[in-house]
Amino acid sequence: MSALPDDPSLAIDVRVYYYDTDAAGVVHNIAYLRYIEEARTRLAERLDWPLEAMAEGPVVPVVRRTEIDYLRPAKLADRLRVEGRLAAIGAASFDIEFEVTRPADGAGIVRCRQRLVGVHLATGRPARTRADWRARWPRLVE
C-alpha cells in the first residue's frame, strides 16, 4: 500500500470538444458527469485505489447517489478545471464533492456531490469503508 496524501483532493483540467456539446456549442449536462468520472477515478488512484485494484476486487466502489447543480453553461473549446475531494467517510459509504470552474473568467460551472459504497463483488453486499482512510483522515469520519 502506498502512503496516503495529507489532503484527499485532486484537480484536473479538461477541454470541451465537439462531442461534449449540442448544436449551439453548449456542453451537454451528461458531459459534466464524464468529467467528474475522470476526476473521481484519478482521485481514487491518489487515495491508493487504482483501477486495477477496483477491477480485481474483492470490493468495488459503486455510485449510490449523485447531486449536481448546473450553475452556468460551458461552451465549445472552454478549458475547465475539475476539483474533487473526499468530503466524508461513513461506515459503509463515502462522499466526494466536485467543483467545475472555468479558470479563464473564474466562473463556477457545476457543483456535485456523490455518495459511493464499497460493494463486495461476490455477494453484492456493502463493505466497511477502508480502515486506512478512516485512520488517515479522522476529521472526515461521520
# chains A, B, ... in the order shown; residues from 1 in each chain; ligands from 1
$ residues_around --residues "Ala122 of chain A" --least-positions-apart "6" --cutoff "10 Å" --atoms "only C-alpha atoms" --output "number ranges by chain"
A: 57-59
$ write_last_selection --atoms "C-alpha atoms" --output "PDB file, in the first residue's frame"
ATOM      1  CA  GLY A  57     -11.996  -6.602  -6.259  1.00  0.00           C
ATOM      2  CA  PRO A  58     -12.968  -8.068  -3.920  1.00  0.00           C
ATOM      3  CA  VAL A  59     -14.536  -4.666  -3.163  1.00  0.00           C
TER       4      VAL A  59
END
$ residues_around --residues "segment 99-116 of chain A" --least-positions-apart "3" --cutoff "9 Å" --atoms "only C-alpha atoms" --output "PDB file with N, CA and C atoms, in the first residue's frame"
ATOM      1  N   TYR A  32     -20.694  16.677 -18.151  1.00  0.00           N
ATOM      2  CA  TYR A  32     -20.096  17.029 -16.862  1.00  0.00           C
ATOM      3  C   TYR A  32     -19.873  15.788 -16.012  1.00  0.00           C
ATOM      4  N   TYR A  35     -16.655  14.251 -17.024  1.00  0.00           N
ATOM      5  CA  TYR A  35     -15.526  14.978 -16.448  1.00  0.00           C
ATOM      6  C   TYR A  35     -15.350  14.581 -14.978  1.00  0.00           C
ATOM      7  N   ILE A  36     -16.464  14.488 -14.271  1.00  0.00           N
ATOM      8  CA  ILE A  36     -16.442  14.118 -12.854  1.00  0.00           C
ATOM      9  C   ILE A  36     -15.948  12.686 -12.683  1.00  0.00           C
ATOM     10  N   PRO A  61     -15.989   0.233  -5.821  1.00  0.00           N
ATOM     11  CA  PRO A  61     -16.808   1.393  -5.482  1.00  0.00           C
ATOM     12  C   PRO A  61     -17.976   1.529  -6.458  1.00  0.00           C
ATOM     13  N   VAL A  62     -19.144   1.778  -5.910  1.00  0.00           N
ATOM     14  CA  VAL A  62     -20.357   1.929  -6.717  1.00  0.00           C
ATOM     15  C   VAL A  62     -21.001   3.262  -6.354  1.00  0.00           C
ATOM     16  N   VAL A  63     -21.332   4.067  -7.364  1.00  0.00           N
ATOM     17  CA  VAL A  63     -22.012   5.338  -7.118  1.00  0.00           C
ATOM     18  C   VAL A  63     -23.444   5.040  -6.683  1.00  0.00           C
ATOM     19  N   ARG A  64     -23.798   5.531  -5.519  1.00  0.00           N
ATOM     20  CA  ARG A  64     -25.153   5.334  -4.981  1.00  0.00           C
ATOM     21  C   ARG A  64     -26.043   6.547  -5.244  1.00  0.00           C
ATOM     22  N   ARG A  65     -25.429   7.718  -5.226  1.00  0.00           N
ATOM     23  CA  ARG A  65     -26.211   8.952  -5.371  1.00  0.00           C
ATOM     24  C   ARG A  65     -25.345  10.030  -5.994  1.00  0.00           C
ATOM     25  N   THR A  66     -25.961  10.814  -6.870  1.00  0.00           N
ATOM     26  CA  THR A  66     -25.307  11.986  -7.446  1.00  0.00           C
ATOM     27  C   THR A  66     -26.246  13.171  -7.322  1.00  0.00           C
ATOM     28  N   GLU A  67     -25.757  14.236  -6.727  1.00  0.00           N
ATOM     29  CA  GLU A  67     -26.473  15.510  -6.676  1.00  0.00           C
ATOM     30  C   GLU A  67     -25.627  16.501  -7.464  1.00  0.00           C
ATOM     31  N   ILE A  68     -26.264  17.186  -8.399  1.00  0.00           N
ATOM     32  CA  ILE A  68     -25.493  18.095  -9.245  1.00  0.00           C
ATOM     33  C   ILE A  68     -26.272  19.393  -9.465  1.00  0.00           C
ATOM     34  N   ASP A  69     -25.566  20.487  -9.361  1.00  0.00           N
ATOM     35  CA  ASP A  69     -26.137  21.806  -9.637  1.00  0.00           C
ATOM     36  C   ASP A  69     -25.405  22.385 -10.833  1.00  0.00           C
ATOM     37  N   TYR A  70     -26.173  22.729 -11.858  1.00  0.00           N
ATOM     38  CA  TYR A  70     -25.631  23.356 -13.061  1.00  0.00           C
ATOM     39  C   TYR A  70     -25.748  24.863 -12.864  1.00  0.00           C
ATOM     40  N   LEU A  71     -24.625  25.534 -12.735  1.00  0.00           N
ATOM     41  CA  LEU A  71     -24.622  26.946 -12.382  1.00  0.00           C
ATOM     42  C   LEU A  71     -24.553  27.865 -13.598  1.00  0.00           C
ATOM     43  N   ARG A  72     -23.685  27.514 -14.547  1.00  0.00           N
ATOM     44  CA  ARG A  72     -23.506  28.293 -15.778  1.00  0.00           C
ATOM     45  C   ARG A  72     -23.128  27.321 -16.880  1.00  0.00           C
ATOM     46  N   PRO A  73     -23.419  27.674 -18.117  1.00  0.00           N
ATOM     47  CA  PRO A  73     -23.015  26.781 -19.203  1.00  0.00           C
ATOM     48  C   PRO A  73     -21.538  26.940 -19.558  1.00  0.00           C
ATOM     49  N   ALA A  74     -20.943  25.827 -19.924  1.00  0.00           N
ATOM     50  CA  ALA A  74     -19.613  25.859 -20.541  1.00  0.00           C
ATOM     51  C   ALA A  74     -19.845  25.679 -22.040  1.00  0.00           C
ATOM     52  N   ASP A  78     -13.890  25.622 -24.316  1.00  0.00           N
ATOM     53  CA  ASP A  78     -13.555  26.081 -22.967  1.00  0.00           C
ATOM     54  C   ASP A  78     -12.549  25.125 -22.337  1.00  0.00           C
ATOM     55  N   ARG A  79     -11.717  25.682 -21.519  1.00  0.00           N
ATOM     56  CA  ARG A  79     -10.821  24.879 -20.680  1.00  0.00           C
ATOM     57  C   ARG A  79     -11.387  24.958 -19.267  1.00  0.00           C
ATOM     58  N   LEU A  80     -11.642  23.790 -18.704  1.00  0.00           N
ATOM     59  CA  LEU A  80     -12.290  23.707 -17.400  1.00  0.00           C
ATOM     60  C   LEU A  80     -11.370  23.027 -16.391  1.00  0.00           C
ATOM     61  N   ARG A  81     -11.581  23.342 -15.146  1.00  0.00           N
ATOM     62  CA  ARG A  81     -10.871  22.687 -14.040  1.00  0.00           C
ATOM     63  C   ARG A  81     -11.916  21.934 -13.218  1.00  0.00           C
ATOM     64  N   VAL A  82     -11.624  20.671 -12.954  1.00  0.00           N
ATOM     65  CA  VAL A  82     -12.496  19.833 -12.127  1.00  0.00           C
ATOM     66  C   VAL A  82     -11.730  19.517 -10.852  1.00  0.00           C
ATOM     67  N   GLU A  83     -12.256  19.996  -9.740  1.00  0.00           N
ATOM     68  CA  GLU A  83     -11.638  19.735  -8.444  1.00  0.00           C
ATOM     69  C   GLU A  83     -12.519  18.759  -7.682  1.00  0.00           C
ATOM     70  N   GLY A  84     -11.899  17.725  -7.138  1.00  0.00           N
ATOM     71  CA  GLY A  84     -12.633  16.738  -6.355  1.00  0.00           C
ATOM     72  C   GLY A  84     -11.947  16.528  -5.017  1.00  0.00           C
ATOM     73  N   ALA A  87     -14.999  14.086   0.995  1.00  0.00           N
ATOM     74  CA  ALA A  87     -15.676  15.015   1.899  1.00  0.00           C
ATOM     75  C   ALA A  87     -16.162  14.360   3.179  1.00  0.00           C
ATOM     76  N   ALA A  92     -20.082   2.561   5.756  1.00  0.00           N
ATOM     77  CA  ALA A  92     -20.062   1.750   4.535  1.00  0.00           C
ATOM     78  C   ALA A  92     -20.153   2.598   3.271  1.00  0.00           C
ATOM     79  N   SER A  93     -19.993   3.906   3.413  1.00  0.00           N
ATOM     80  CA  SER A  93     -20.069   4.788   2.246  1.00  0.00           C
ATOM     81  C   SER A  93     -19.095   5.936   2.427  1.00  0.00           C
ATOM     82  N   PHE A  94     -18.866   6.650   1.338  1.00  0.00           N
ATOM     83  CA  PHE A  94     -18.032   7.844   1.400  1.00  0.00           C
ATOM     84  C   PHE A  94     -18.549   8.835   0.374  1.00  0.00           C
ATOM     85  N   ASP A  95     -18.358  10.112   0.658  1.00  0.00           N
ATOM     86  CA  ASP A  95     -18.827  11.192  -0.209  1.00  0.00           C
ATOM     87  C   ASP A  95     -17.645  11.921  -0.825  1.00  0.00           C
ATOM     88  N   ILE A  96     -17.809  12.281  -2.090  1.00  0.00           N
ATOM     89  CA  ILE A  96     -16.826  13.092  -2.793  1.00  0.00           C
ATOM     90  C   ILE A  96     -17.549  14.316  -3.346  1.00  0.00           C
TER      91      ILE A  96
END
$ select_by_dssp --residues "chain A" --states "alpha helix (DSSP H)" --output "PyMOL selection string"
chain A and resi 29-46+51-56+131-136
$ select_by_dssp --residues "chain A" --states "strand (DSSP E)" --output "PyMOL selection string"
chain A and resi 9-15+59-70+79-89+93-102+107-120
$ residues_around --residues "His28 of chain A" --least-positions-apart "6" --cutoff "10 Å" --atoms "only C-alpha atoms" --output "number ranges by chain"
A: 19-22, 73-75
$ write_last_selection --atoms "N, CA and C atoms" --output "short mmCIF file (atom, residue, chain, number, x, y, z; two decimals), in the first residue's frame"
data_model
loop_
_atom_site.label_atom_id
_atom_site.label_comp_id
_atom_site.auth_asym_id
_atom_site.auth_seq_id
_atom_site.Cartn_x
_atom_site.Cartn_y
_atom_site.Cartn_z
N TYR A 19 -17.83 16.71 -29.29
CA TYR A 19 -18.72 15.63 -28.82
C TYR A 19 -19.33 15.91 -27.45
N ASP A 20 -18.84 16.94 -26.75
CA ASP A 20 -19.39 17.33 -25.46
C ASP A 20 -20.56 18.31 -25.59
N THR A 21 -20.83 18.80 -26.81
CA THR A 21 -21.73 19.93 -26.96
C THR A 21 -22.93 19.63 -27.87
N ASP A 22 -23.90 20.55 -27.78
CA ASP A 22 -25.05 20.48 -28.69
C ASP A 22 -24.76 21.37 -29.90
N PRO A 73 -23.42 27.67 -18.12
CA PRO A 73 -23.02 26.78 -19.20
C PRO A 73 -21.54 26.94 -19.56
N ALA A 74 -20.94 25.83 -19.92
CA ALA A 74 -19.61 25.86 -20.54
C ALA A 74 -19.84 25.68 -22.04
N LYS A 75 -18.88 26.10 -22.82
CA LYS A 75 -19.05 26.07 -24.28
C LYS A 75 -17.86 25.42 -24.96
#
